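Source file: coords_20.cif. Holds: mmCIF, C-alpha atoms.
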```cif
data_run
#
loop_
_atom_site.label_atom_id
_atom_site.label_comp_id
_atom_site.auth_asym_id
_atom_site.auth_seq_id
_atom_site.Cartn_x
_atom_site.Cartn_y
_atom_site.Cartn_z
CA MET A 1 -85.82 12.73 124.20
CA ILE A 2 -84.26 10.86 121.28
CA ASN A 3 -82.55 8.56 123.74
CA THR A 4 -85.60 7.56 125.75
CA ASN A 5 -87.49 6.99 122.52
CA PHE A 6 -84.68 4.84 121.23
CA PHE A 7 -84.57 2.66 124.33
CA ILE A 8 -88.33 2.33 124.51
CA ASN A 9 -88.37 1.10 120.92
CA ILE A 10 -85.56 -1.40 121.50
CA LEU A 11 -87.39 -2.73 124.55
CA ARG A 12 -90.67 -2.93 122.66
CA PHE A 13 -88.96 -4.73 119.79
CA THR A 14 -87.46 -7.42 122.04
CA LEU A 15 -90.55 -7.90 124.17
CA LEU A 16 -92.89 -8.13 121.18
CA VAL A 17 -90.65 -10.73 119.46
CA LEU A 18 -90.47 -12.82 122.63
CA VAL A 19 -94.19 -12.57 123.37
CA GLN A 20 -95.00 -13.44 119.76
CA VAL A 21 -92.88 -16.59 119.53
CA MET A 22 -93.35 -17.84 123.08
CA VAL A 23 -97.03 -17.16 123.62
CA PHE A 24 -98.96 -16.26 120.49
CA ASN A 25 -97.30 -18.67 118.06
CA ARG A 26 -98.33 -21.50 120.36
CA LEU A 27 -101.92 -20.41 120.77
CA ASN A 28 -103.36 -22.31 117.77
CA PHE A 29 -106.86 -21.21 118.62
CA PHE A 30 -109.37 -23.44 116.71
CA GLY A 31 -106.36 -25.27 115.31
CA PHE A 32 -104.91 -22.49 113.16
CA ILE A 33 -105.43 -18.99 114.58
CA ASN A 34 -102.14 -17.47 115.74
CA PRO A 35 -102.63 -13.73 116.31
CA MET A 36 -99.66 -11.57 115.28
CA VAL A 37 -99.42 -8.96 117.99
CA TYR A 38 -95.99 -7.72 116.89
CA ILE A 39 -97.79 -5.44 114.40
CA LEU A 40 -98.25 -3.13 117.42
CA PHE A 41 -94.60 -2.14 116.98
CA LEU A 42 -95.48 -0.47 113.69
CA TYR A 43 -98.61 1.04 115.20
CA TRP A 44 -96.71 2.57 118.12
CA PHE A 45 -93.58 3.68 116.25
CA PRO A 46 -93.12 7.50 116.33
CA ILE A 47 -94.42 9.24 113.24
CA LYS A 48 -91.69 11.83 112.77
CA GLU A 49 -88.79 9.37 112.72
CA ASN A 50 -86.59 8.59 109.72
CA ARG A 51 -88.52 6.48 107.22
CA ALA A 52 -85.59 4.40 106.00
CA ALA A 53 -84.69 3.45 109.56
CA PHE A 54 -88.30 2.52 110.20
CA ILE A 55 -88.45 0.21 107.18
CA GLY A 56 -85.11 -1.36 108.12
CA LEU A 57 -86.26 -1.97 111.70
CA SER A 58 -89.52 -3.51 110.52
CA PHE A 59 -87.59 -5.86 108.26
CA LEU A 60 -85.42 -6.92 111.20
CA LEU A 61 -88.52 -7.43 113.35
CA GLY A 62 -90.11 -9.66 110.74
CA LEU A 63 -86.90 -11.57 110.12
CA SER A 64 -86.27 -12.29 113.80
CA ILE A 65 -89.77 -13.75 114.08
CA ASP A 66 -89.13 -15.78 110.93
CA PHE A 67 -85.96 -17.18 112.46
CA LEU A 68 -87.80 -18.37 115.51
CA SER A 69 -90.84 -19.82 113.79
CA ASP A 70 -89.22 -21.49 110.73
CA THR A 71 -91.24 -19.47 108.24
CA MET A 72 -88.39 -18.38 105.93
CA ALA A 73 -89.00 -14.66 105.29
CA ILE A 74 -92.78 -14.42 105.11
CA HIS A 75 -93.13 -12.29 108.25
CA ALA A 76 -90.31 -10.03 107.00
CA ALA A 77 -91.95 -9.49 103.61
CA SER A 78 -95.36 -8.61 105.02
CA THR A 79 -93.95 -6.38 107.79
CA VAL A 80 -91.79 -4.44 105.33
CA THR A 81 -94.84 -3.92 103.12
CA ILE A 82 -96.93 -2.32 105.86
CA ALA A 83 -93.94 -0.29 107.03
CA TYR A 84 -93.64 1.15 103.54
CA LEU A 85 -97.38 1.74 103.20
CA ARG A 86 -97.85 3.23 106.68
CA PRO A 87 -97.50 6.94 105.70
CA ALA A 88 -100.05 6.46 102.90
CA ILE A 89 -102.48 4.73 105.26
CA MET A 90 -102.03 7.49 107.85
CA ARG A 91 -102.64 10.22 105.28
CA PHE A 92 -105.79 8.39 104.21
CA ILE A 93 -107.15 8.18 107.75
CA PHE A 94 -105.94 11.29 109.57
CA GLY A 95 -105.90 13.62 106.56
CA VAL A 96 -104.88 17.23 107.24
CA ASN A 97 -104.36 16.62 110.97
CA LEU A 98 -101.16 14.74 110.15
CA GLU A 99 -99.47 17.99 109.00
CA PHE A 100 -99.70 19.70 112.42
CA GLN A 101 -96.58 19.74 114.56
CA SER A 102 -98.59 18.72 117.63
CA PHE A 103 -100.07 15.64 115.97
CA ARG A 104 -100.15 12.60 118.22
CA LEU A 105 -101.80 9.25 117.96
CA GLY A 106 -103.35 9.75 121.38
CA ASN A 107 -105.13 12.93 120.30
CA THR A 108 -107.09 11.28 117.52
CA THR A 109 -110.49 9.67 117.96
CA LYS A 110 -110.88 6.06 118.96
CA ILE A 111 -112.51 5.22 115.62
CA GLN A 112 -109.53 6.61 113.69
CA GLN A 113 -107.09 4.62 115.80
CA ILE A 114 -109.01 1.39 115.28
CA THR A 115 -109.29 1.93 111.51
CA PHE A 116 -105.57 2.65 111.30
CA LEU A 117 -104.72 -0.53 113.18
CA ALA A 118 -107.25 -2.57 111.20
CA LEU A 119 -105.86 -1.41 107.85
CA LEU A 120 -102.31 -2.27 108.91
CA ILE A 121 -103.48 -5.73 109.97
CA ILE A 122 -105.51 -6.39 106.81
CA VAL A 123 -102.65 -5.53 104.45
CA HIS A 124 -100.17 -7.48 106.57
CA HIS A 125 -102.30 -10.61 106.77
CA LEU A 126 -103.17 -10.60 103.06
CA VAL A 127 -99.50 -10.46 102.08
CA PHE A 128 -98.58 -12.99 104.77
CA PHE A 129 -101.11 -15.67 103.85
CA THR A 130 -100.65 -15.16 100.10
CA LEU A 131 -96.96 -15.93 100.52
CA GLU A 132 -97.61 -18.77 102.96
CA VAL A 133 -100.21 -20.61 100.86
CA PHE A 134 -98.34 -19.59 97.69
CA SER A 135 -100.98 -20.51 95.13
CA PHE A 136 -103.72 -18.43 93.60
CA ALA A 137 -105.88 -21.51 93.23
CA ASN A 138 -106.54 -21.25 96.95
CA VAL A 139 -107.78 -17.64 97.06
CA LEU A 140 -110.67 -18.60 99.31
CA LEU A 141 -108.36 -20.29 101.79
CA ILE A 142 -106.13 -17.20 101.83
CA LEU A 143 -109.09 -14.88 102.43
CA LYS A 144 -110.54 -17.11 105.13
CA LYS A 145 -107.24 -17.39 106.99
CA ALA A 146 -106.49 -13.67 106.62
CA PHE A 147 -109.93 -12.64 107.84
CA VAL A 148 -110.20 -14.94 110.85
CA THR A 149 -106.62 -14.45 112.02
CA GLY A 150 -106.91 -10.72 111.32
CA LEU A 151 -109.94 -10.47 113.57
CA ALA A 152 -108.13 -12.24 116.40
CA THR A 153 -105.06 -10.01 115.90
CA LEU A 154 -107.19 -6.86 115.94
CA ILE A 155 -108.95 -7.78 119.18
CA LEU A 156 -105.70 -8.67 120.94
CA CYS A 157 -103.89 -5.58 119.63
CA LEU A 158 -106.71 -3.33 120.87
CA LEU A 159 -106.51 -4.97 124.29
CA PHE A 160 -102.75 -4.49 124.40
CA SER A 161 -102.86 -0.91 123.19
CA THR A 162 -105.35 0.03 125.92
CA LEU A 163 -103.31 -1.81 128.55
CA PHE A 164 -100.01 -0.20 127.57
CA SER A 165 -101.16 3.22 126.48
CA VAL A 166 -98.46 5.28 124.75
CA GLU A 167 -99.66 8.74 125.71
CA LYS A 168 -99.62 8.98 129.47
CA GLU A 169 -99.60 12.73 129.95
CA MET B 1 -74.85 11.53 86.79
CA HIS B 2 -76.37 14.31 88.81
CA GLN B 3 -79.83 13.22 87.79
CA ILE B 4 -79.20 9.63 88.72
CA ILE B 5 -78.11 10.68 92.21
CA ASN B 6 -81.14 12.94 92.51
CA PHE B 7 -83.36 10.06 91.47
CA LEU B 8 -81.75 7.75 94.03
CA ILE B 9 -82.19 10.31 96.80
CA ARG B 10 -85.78 11.04 95.93
CA TYR B 11 -86.87 7.43 95.78
CA LYS B 12 -84.59 6.07 98.47
CA THR B 13 -87.36 4.70 100.69
CA PHE B 14 -89.06 3.06 97.76
CA LEU B 15 -85.79 1.51 96.59
CA LEU B 16 -85.05 0.31 100.12
CA TYR B 17 -88.48 -1.27 100.29
CA ILE B 18 -88.02 -3.00 96.93
CA LEU B 19 -84.60 -4.28 97.97
CA LEU B 20 -85.81 -5.73 101.29
CA MET B 21 -88.90 -7.19 99.61
CA ILE B 22 -86.77 -8.93 96.97
CA ILE B 23 -84.53 -10.38 99.69
CA SER B 24 -87.48 -11.80 101.59
CA LEU B 25 -89.21 -13.08 98.46
CA ALA B 26 -86.01 -14.77 97.32
CA LEU B 27 -85.66 -16.51 100.68
CA THR B 28 -89.29 -17.58 100.62
CA ILE B 29 -89.37 -18.83 97.03
CA GLN B 30 -86.12 -20.71 97.45
CA SER B 31 -87.67 -22.56 100.37
CA HIS B 32 -90.83 -23.34 98.41
CA SER B 33 -88.88 -24.96 95.62
CA TYR B 34 -86.43 -26.88 97.76
CA HIS B 35 -85.89 -27.66 101.41
CA GLN B 36 -85.76 -25.56 104.52
CA SER B 37 -83.01 -22.98 104.34
CA LYS B 38 -79.68 -23.92 105.86
CA PHE B 39 -79.41 -20.73 107.92
CA PHE B 40 -82.91 -19.53 108.60
CA ASN B 41 -84.18 -22.20 110.92
CA SER B 42 -84.85 -22.62 114.59
CA SER B 43 -82.08 -25.14 115.21
CA ASN B 44 -79.16 -22.69 115.44
CA TRP B 45 -77.76 -21.86 118.85
CA VAL B 46 -79.49 -18.51 119.43
CA THR B 47 -83.01 -19.58 118.55
CA GLY B 48 -82.50 -23.10 119.89
CA GLY B 49 -81.29 -21.57 123.15
CA ILE B 50 -84.40 -19.41 123.47
CA TYR B 51 -86.68 -22.40 122.95
CA GLN B 52 -84.62 -24.54 125.33
CA THR B 53 -85.08 -21.92 128.06
CA THR B 54 -88.84 -21.85 127.50
CA TYR B 55 -88.89 -25.63 127.51
CA ASN B 56 -86.97 -25.77 130.80
CA ILE B 57 -89.62 -23.58 132.41
CA THR B 58 -92.78 -25.07 130.92
CA SER B 59 -91.76 -28.75 131.10
CA TYR B 60 -92.55 -28.85 134.82
CA PHE B 61 -96.23 -28.28 134.24
CA ASP B 62 -96.96 -31.60 132.58
CA LEU B 63 -94.41 -33.90 134.21
CA LYS B 64 -97.17 -36.06 135.63
CA THR B 65 -98.90 -36.83 132.33
CA GLU B 66 -95.58 -37.31 130.56
CA ASN B 67 -94.46 -39.79 133.22
CA LYS B 68 -97.70 -41.67 132.82
CA LYS B 69 -97.19 -41.86 129.06
CA LEU B 70 -93.65 -43.17 129.46
CA LEU B 71 -94.84 -45.76 131.95
CA GLU B 72 -97.47 -46.98 129.49
CA ASP B 73 -94.82 -47.20 126.82
CA ASN B 74 -92.56 -49.19 129.15
CA THR B 75 -95.38 -51.56 130.03
CA LYS B 76 -96.01 -52.24 126.37
CA LEU B 77 -92.33 -52.90 125.70
CA ARG B 78 -91.95 -55.17 128.74
CA GLN B 79 -94.96 -57.19 127.72
CA TYR B 80 -93.41 -57.60 124.30
CA LEU B 81 -90.05 -58.54 125.78
CA TYR B 82 -91.39 -61.25 128.12
CA ASN B 83 -93.45 -62.81 125.35
CA SER B 84 -90.72 -62.92 122.75
CA LYS B 85 -88.88 -66.20 122.38
CA ARG B 86 -85.44 -64.67 121.94
CA THR B 87 -83.01 -65.30 124.78
CA GLU B 88 -81.35 -62.25 126.20
CA SER B 89 -77.68 -63.15 125.67
CA ILE B 90 -77.68 -62.90 121.88
CA ALA B 91 -80.14 -60.05 121.70
CA LEU B 92 -77.79 -57.16 122.24
CA ASP B 93 -74.69 -57.78 120.18
CA THR B 94 -73.99 -54.29 118.87
CA THR B 95 -72.34 -55.49 115.67
CA THR B 96 -75.46 -57.22 114.38
CA ILE B 97 -78.29 -54.83 115.23
CA GLY B 98 -79.56 -52.73 112.35
CA TYR B 99 -81.14 -49.84 114.22
CA THR B 100 -80.22 -47.80 117.28
CA VAL B 101 -82.52 -45.37 119.06
CA ILE B 102 -81.72 -41.97 120.61
CA SER B 103 -84.27 -40.21 122.83
CA GLY B 104 -84.96 -36.48 122.91
CA GLN B 105 -87.52 -33.81 123.76
CA VAL B 106 -89.46 -31.45 121.53
CA ILE B 107 -88.68 -27.81 122.35
CA LYS B 108 -90.67 -26.20 119.54
CA ASN B 109 -93.65 -27.57 117.65
CA SER B 110 -95.91 -26.12 114.97
CA TYR B 111 -98.82 -27.59 113.01
CA SER B 112 -100.85 -24.69 111.61
CA ASN B 113 -98.60 -23.64 108.71
CA GLN B 114 -98.11 -25.24 105.32
CA HIS B 115 -94.52 -26.14 106.10
CA ASN B 116 -94.27 -27.27 109.68
CA TYR B 117 -90.99 -27.90 111.44
CA ILE B 118 -90.29 -29.28 114.92
CA THR B 119 -87.15 -28.51 116.91
CA ILE B 120 -85.64 -31.04 119.36
CA ASN B 121 -82.90 -30.69 121.96
CA LYS B 122 -80.46 -33.22 120.47
CA GLY B 123 -77.99 -32.42 117.69
CA LYS B 124 -74.65 -33.27 116.10
CA LYS B 125 -73.11 -33.87 119.53
CA ASP B 126 -75.49 -36.81 119.96
CA SER B 127 -74.51 -38.01 116.46
CA LEU B 128 -77.72 -36.97 114.77
CA LYS B 129 -77.53 -36.38 111.02
CA GLN B 130 -79.82 -35.27 108.22
CA ASP B 131 -82.41 -37.81 107.02
CA MET B 132 -82.86 -39.80 110.20
CA GLY B 133 -86.39 -40.86 111.13
CA VAL B 134 -88.14 -39.50 114.22
CA ILE B 135 -91.01 -41.28 115.99
CA THR B 136 -93.00 -41.10 119.23
CA ASP B 137 -94.39 -44.01 121.22
CA LYS B 138 -97.58 -43.84 119.11
CA GLY B 139 -96.28 -43.40 115.57
CA ILE B 140 -94.07 -41.52 113.14
CA LEU B 141 -93.36 -37.81 113.47
CA GLY B 142 -90.99 -36.76 110.67
CA ILE B 143 -87.46 -36.71 109.31
CA ILE B 144 -84.45 -34.70 110.51
CA GLU B 145 -83.75 -31.83 108.16
CA ASN B 146 -81.01 -29.73 109.78
CA THR B 147 -78.70 -30.19 112.73
CA SER B 148 -76.59 -27.80 114.79
CA SER B 149 -74.29 -28.96 117.56
CA ASN B 150 -77.03 -29.09 120.22
CA TYR B 151 -80.33 -28.95 118.32
CA ALA B 152 -82.00 -30.48 115.30
CA SER B 153 -84.99 -29.38 113.27
CA ILE B 154 -87.38 -32.01 111.97
CA GLN B 155 -89.53 -31.80 108.87
CA SER B 156 -92.87 -32.83 110.33
CA ILE B 157 -95.18 -35.19 108.40
CA LEU B 158 -97.45 -32.13 108.39
CA ASN B 159 -95.34 -30.46 105.70
CA LEU B 160 -95.95 -30.00 101.97
CA HIS B 161 -92.48 -31.37 101.18
CA SER B 162 -92.99 -34.48 103.29
CA ASN B 163 -93.11 -37.74 101.32
CA ILE B 164 -92.79 -41.02 103.21
CA ASN B 165 -93.09 -44.60 102.05
CA ALA B 166 -96.07 -46.31 103.72
CA LYS B 167 -98.11 -49.46 103.27
CA ILE B 168 -101.24 -51.20 104.48
CA LYS B 169 -100.49 -53.41 107.46
CA ASN B 170 -99.99 -57.13 106.77
CA THR B 171 -99.87 -56.60 103.00
CA ASP B 172 -97.12 -55.38 100.69
CA HIS B 173 -99.13 -52.73 98.85
CA PHE B 174 -97.20 -49.52 99.33
CA GLY B 175 -97.75 -45.86 98.46
CA SER B 176 -96.57 -42.37 99.40
CA LEU B 177 -97.68 -40.53 102.48
CA ILE B 178 -98.24 -36.81 101.85
CA TRP B 179 -100.15 -33.95 103.49
CA ASP B 180 -102.74 -31.72 101.82
CA THR B 181 -102.33 -28.99 104.52
CA LYS B 182 -106.03 -29.03 105.47
CA GLU B 183 -106.25 -30.80 108.84
CA TYR B 184 -103.53 -31.43 111.39
CA ASN B 185 -104.87 -34.87 112.35
CA THR B 186 -105.21 -36.26 108.81
CA VAL B 187 -102.58 -37.13 106.18
CA GLN B 188 -103.03 -38.67 102.73
CA LEU B 189 -101.79 -41.96 101.31
CA ILE B 190 -101.64 -41.98 97.50
CA ASP B 191 -100.59 -44.42 94.76
CA ILE B 192 -102.31 -47.47 96.21
CA PRO B 193 -103.61 -49.47 93.20
CA ARG B 194 -107.33 -49.83 92.68
CA LEU B 195 -107.40 -53.62 93.02
CA VAL B 196 -106.32 -53.53 96.68
CA PRO B 197 -109.23 -54.40 98.98
CA LEU B 198 -109.58 -51.60 101.56
CA THR B 199 -111.77 -51.19 104.63
CA ILE B 200 -112.27 -48.12 106.76
CA GLY B 201 -110.28 -48.61 109.95
CA ASP B 202 -107.39 -50.54 108.35
CA THR B 203 -104.01 -49.71 109.87
CA ILE B 204 -101.34 -47.90 107.84
CA VAL B 205 -97.68 -48.53 108.75
CA THR B 206 -94.32 -47.48 107.30
CA GLY B 207 -93.11 -49.51 104.33
CA ALA B 208 -89.86 -51.35 103.75
CA MET B 209 -88.80 -49.26 100.75
CA SER B 210 -87.23 -46.48 102.78
CA SER B 211 -83.81 -46.57 104.38
CA ILE B 212 -84.98 -43.99 106.96
CA PHE B 213 -87.70 -45.80 108.90
CA PRO B 214 -87.77 -49.47 109.83
CA GLU B 215 -90.76 -51.42 108.53
CA ASN B 216 -94.07 -51.57 110.43
CA ILE B 217 -93.97 -48.39 112.51
CA PRO B 218 -97.61 -47.39 113.03
CA ILE B 219 -98.90 -44.24 111.29
CA GLY B 220 -102.70 -44.21 111.52
CA THR B 221 -105.95 -45.77 110.38
CA ILE B 222 -107.96 -45.33 107.16
CA LYS B 223 -110.64 -42.69 107.63
CA LYS B 224 -111.96 -42.33 104.10
CA PHE B 225 -110.91 -43.44 100.61
CA ASN B 226 -111.87 -42.70 97.01
CA LEU B 227 -110.38 -43.08 93.53
CA ASP B 228 -108.21 -40.30 92.11
CA THR B 229 -108.82 -38.56 88.77
CA SER B 230 -107.12 -41.31 86.74
CA LYS B 231 -109.51 -43.87 88.31
CA SER B 232 -106.69 -46.37 88.83
CA PHE B 233 -105.28 -45.35 92.21
CA PHE B 234 -106.80 -44.69 95.61
CA ASN B 235 -106.58 -41.43 97.55
CA ILE B 236 -106.75 -42.45 101.18
CA ASP B 237 -107.32 -40.14 104.17
CA VAL B 238 -105.35 -41.45 107.15
CA ALA B 239 -106.29 -40.46 110.71
CA LEU B 240 -102.99 -40.19 112.62
CA PHE B 241 -102.35 -42.13 115.85
CA ASN B 242 -100.17 -39.27 117.05
CA ASP B 243 -101.76 -36.16 118.48
CA MET B 244 -99.53 -33.73 116.58
CA THR B 245 -100.53 -30.88 118.86
CA ASN B 246 -99.18 -32.51 122.01
CA ILE B 247 -95.74 -34.07 121.64
CA LYS B 248 -92.92 -34.13 124.14
CA ASN B 249 -90.76 -37.24 124.20
CA ILE B 250 -89.48 -38.50 120.87
CA TYR B 251 -87.10 -41.19 119.59
CA VAL B 252 -84.67 -40.76 116.73
CA ILE B 253 -84.02 -43.93 114.73
CA VAL B 254 -80.50 -44.44 113.41
CA ASN B 255 -80.24 -46.94 110.58
CA ARG B 256 -76.72 -48.30 110.80
CA ASN B 257 -76.90 -49.81 107.33
CA ARG B 258 -78.17 -46.68 105.59
CA THR B 259 -74.85 -45.60 104.05
CA GLU B 260 -74.31 -49.10 102.72
CA ILE B 261 -77.79 -49.20 101.18
CA LEU B 262 -77.38 -45.75 99.60
CA GLU B 263 -73.96 -46.59 98.18
CA LEU B 264 -75.28 -49.78 96.66
CA GLU B 265 -78.23 -47.97 95.10
CA LYS B 266 -75.95 -45.28 93.69
CA GLU B 267 -73.62 -47.89 92.21
CA THR B 268 -76.51 -49.73 90.58
CA VAL B 269 -77.84 -46.58 88.98
CA ALA B 270 -74.35 -45.64 87.77
CA ASN B 271 -73.86 -49.09 86.23
CA ASP B 272 -77.21 -48.85 84.51
CA GLN B 273 -76.26 -45.69 82.69
CA HIS B 274 -73.23 -47.24 80.99
#
```
Take the structure in the file and write it out as structure tokens.
Amino acid sequence: MINTNFFINILRFTLLVLVQVMVFNRLNFFGFINPMVYILFLYWFPIKENRAAFIGLSFLLGLSIDFLSDTMAIHAASTVTIAYLRPAIMRFIFGVNLEFQSFRLGNTTKIQQITFLALLIIVHHLVFFTLEVFSFANVLLILKKAFVTGLATLILCLLFSTLFSVEKE
Amino acid sequence: MHQIINFLIRYKTFLLYILLMIISLALTIQSHSYHQSKFFNSSNWVTGGIYQTTYNITSYFDLKTENKKLLEDNTKLRQYLYNSKRTESIALDTTTIGYTVISGQVIKNSYSNQHNYITINKGKKDSLKQDMGVITDKGILGIIENTSSNYASIQSILNLHSNINAKIKNTDHFGSLIWDTKEYNTVQLIDIPRLVPLTIGDTIVTGAMSSIFPENIPIGTIKKFNLDTSKSFFNIDVALFNDMTNIKNIYVIVNRNRTEILELEKETVANDQH
């Protein structure tokens, strides 16, 4: 069980990085919208796994995308942030249900799943664009970019998550 | 001691998060204050290789339009050649020419960030070095920032760090070309004195003050101009000739006299300080 999970995650990691840099970084919808679908890795990652390993993996994911898109370590910083905040976000959304042994993402309602994904994306994009623009004089620009790109990311992530559903059984 | 270890164990995820965050912030801030990092860029062999593979696949789709563009470029050059008075025998003595040109292809382009970099498929093996100018058939593109043996990454003119000497065509009024990060088809020319007569539509070309670009390479046309806060210089919006979203074939310009110029400048400054 551990082994299949491990390989699925490695495969997901590689595919998401490649899809991100080869397809979505070149999209430039309306000139600046590049959806960041690799956030799905953090959405799909098993809940009961080791937290430190999860944060480390997220850092690597962000860093490999940074390597390929010449963005220093902005992706890494924002991905690590949502990886660290993920348990808190989950507790906020799923509440008591999270404590049950049989808890699975697939068993929750659609609304809960969308809120979870949306919160991850919002936090990620806010950190990302704050670091990218790097000046508080441009708060409006940061918010505009975060909101518009976030919306595009959310729509694409929802499409992907329905296409490649985790819970088959 | 025991308590310290307990503390470390209890907060280990938090500490890990802080550590990784500091690493990424350090990398980011370092790049904001200076140039692109030496290691974290898309011109090393792994990332360059990935982009080269993608390029090999996708380049087939627009061969037709690219060929047409090259043909147009050739036509222009031939026209220029047949109308110039120079005879061919003395034209190509390699010891006297100041500039040589190396061609290449873009394998990765970006224009939506604040700091945009372009990766090309030529590197140290083709004798490319840092600080060489890169142009297309329409106008300037940027300056080489890092090179690996097979790839080079270019600081695009659409980059906050970019600062290129430019002037108004047929005059000697020069200023600096910068980018305000707002639009990918517009750059800004600053430090042009107020007394210069300007008209919308005037052509902007590279100036003679830089040892990177030759003089008179086209950049764009004046779109809009107004005075800056000090009321003595113009802020000019320049509409680029290049479509920065669609670039394939590029030329790297090698200034053979650059080292000599730099040495001379360094010597002069050193003498001044005595």
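Applied to the file shown here, the PyMOL selection byres ((chain A) within 7 of (chain B)) selects the residues Gly31, Phe32, Arg51, Ala52, Phe67, Leu68, Ser69, Asp70, Met72, Ala73, Ile74, Ala76, Ala77, Val80, Tyr84, Glu132 and Val133 of chain A.
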List the residues selected by the PyMOL selection byres ((chain A and resi 91-101) around 12) in the file shown, writing them as a PDB file with C-alpha atoms, in the frame of the given file.
```pdb
ATOM      1  CA  ILE A  47     -94.420   9.240 113.240  1.00  0.00           C
ATOM      2  CA  LYS A  48     -91.690  11.830 112.770  1.00  0.00           C
ATOM      3  CA  LEU A  85     -97.380   1.740 103.200  1.00  0.00           C
ATOM      4  CA  ARG A  86     -97.850   3.230 106.680  1.00  0.00           C
ATOM      5  CA  PRO A  87     -97.500   6.940 105.700  1.00  0.00           C
ATOM      6  CA  ALA A  88    -100.050   6.460 102.900  1.00  0.00           C
ATOM      7  CA  ILE A  89    -102.480   4.730 105.260  1.00  0.00           C
ATOM      8  CA  MET A  90    -102.030   7.490 107.850  1.00  0.00           C
ATOM      9  CA  SER A 102     -98.590  18.720 117.630  1.00  0.00           C
ATOM     10  CA  PHE A 103    -100.070  15.640 115.970  1.00  0.00           C
ATOM     11  CA  ARG A 104    -100.150  12.600 118.220  1.00  0.00           C
ATOM     12  CA  LEU A 105    -101.800   9.250 117.960  1.00  0.00           C
ATOM     13  CA  ASN A 107    -105.130  12.930 120.300  1.00  0.00           C
ATOM     14  CA  THR A 108    -107.090  11.280 117.520  1.00  0.00           C
ATOM     15  CA  THR A 109    -110.490   9.670 117.960  1.00  0.00           C
ATOM     16  CA  LYS A 110    -110.880   6.060 118.960  1.00  0.00           C
ATOM     17  CA  ILE A 111    -112.510   5.220 115.620  1.00  0.00           C
ATOM     18  CA  GLN A 112    -109.530   6.610 113.690  1.00  0.00           C
ATOM     19  CA  GLN A 113    -107.090   4.620 115.800  1.00  0.00           C
ATOM     20  CA  ILE A 114    -109.010   1.390 115.280  1.00  0.00           C
ATOM     21  CA  THR A 115    -109.290   1.930 111.510  1.00  0.00           C
ATOM     22  CA  PHE A 116    -105.570   2.650 111.300  1.00  0.00           C
ATOM     23  CA  LEU A 117    -104.720  -0.530 113.180  1.00  0.00           C
ATOM     24  CA  ALA A 118    -107.250  -2.570 111.200  1.00  0.00           C
ATOM     25  CA  LEU A 119    -105.860  -1.410 107.850  1.00  0.00           C
ATOM     26  CA  LEU A 120    -102.310  -2.270 108.910  1.00  0.00           C
TER      27      LEU A 120
END
```
Suppose you want the space between CA of Asn271 (chain B) and CA of Ile212 (chain B); what is it in Å?
24.1 Å
Given the PyMOL selection byres ((chain B and resi 196-206) around 8), the residues it picks as JSON, numbers by chain
{"B": [164, 165, 166, 167, 168, 169, 173, 192, 193, 194, 195, 207, 208, 213, 214, 215, 216, 217, 218, 219, 220, 221, 222, 223, 224, 225, 238]}
Rounded to one decimal in Å, what is the spacing between CA of Phe164 (chain A) and CA of Trp44 (chain A)?
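CA of Trp44 (chain A) lies 10.4 Å from CA of Phe164 (chain A).
From CA of Leu141 (chain A) back to CA of His75 (chain A), the distance works out to 18.4 Å.
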Tell me, as a PDB file with C-alpha atoms, in the frame of the given file, which residues lie within 9 Å of Lys124 (chain B), counting all atoms listed in the file; anything in the same chain fewer than 5 positions away does not count.
```
ATOM      1  CA  LYS B 129     -77.530 -36.380 111.020  1.00  0.00           C
ATOM      2  CA  THR B 147     -78.700 -30.190 112.730  1.00  0.00           C
ATOM      3  CA  SER B 148     -76.590 -27.800 114.790  1.00  0.00           C
ATOM      4  CA  SER B 149     -74.290 -28.960 117.560  1.00  0.00           C
ATOM      5  CA  ASN B 150     -77.030 -29.090 120.220  1.00  0.00           C
ATOM      6  CA  TYR B 151     -80.330 -28.950 118.320  1.00  0.00           C
ATOM      7  CA  ALA B 152     -82.000 -30.480 115.300  1.00  0.00           C
TER       8      ALA B 152
END
```
Rank nothing, just name the residue among B:Thr171, B:Asp237, B:Ser211, B:Ile250 nearest to Val187 (chain B), using all atoms listed in the file.
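Residue with the minimum atom-to-atom distance to Val187 (chain B): B:Asp237.
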What residues have an atom no more than 8 Å from (-104.4, -7.5, 117.6) in the file's own frame, counting all atoms listed in the file, and can you write them as JSON, numbers by chain?
{"A": [35, 36, 37, 39, 40, 121, 150, 151, 152, 153, 154, 155, 156, 157, 158, 159, 160]}
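Of the listed residues A:Phe24, A:Phe6, A:Phe13, A:Phe41, the one whose atoms come nearest to Ser64 (chain A) is A:Phe13, with distances taken using only C-alpha atoms.
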Quick one: residues within 12 Å of Ile261 (chain B), all atoms listed in the file counted, chain neighbours fewer than 4 positions away excluded, as an NGL selection string?
:B and (98 or 209-212 or 255-257 or 265-268)
Selection near Leu16 (chain A), 7 Å with only C-alpha atoms, sequence-local residues under 4 positions removed, as a list in words:
Arg12, Gln20 and Tyr38 of chain A
Neighbouring residues of Glu145 (chain B) were defined as those with any atom within 6 Å, considering all atoms listed in the file; residues of the same chain fewer than 2 positions away were excluded. Please report them as a PDB file with C-alpha atoms, keeping the file's coordinate frame.
```
ATOM      1  CA  GLN B 130     -79.820 -35.270 108.220  1.00  0.00           C
ATOM      2  CA  SER B 153     -84.990 -29.380 113.270  1.00  0.00           C
ATOM      3  CA  ILE B 154     -87.380 -32.010 111.970  1.00  0.00           C
ATOM      4  CA  GLN B 155     -89.530 -31.800 108.870  1.00  0.00           C
TER       5      GLN B 155
END
```
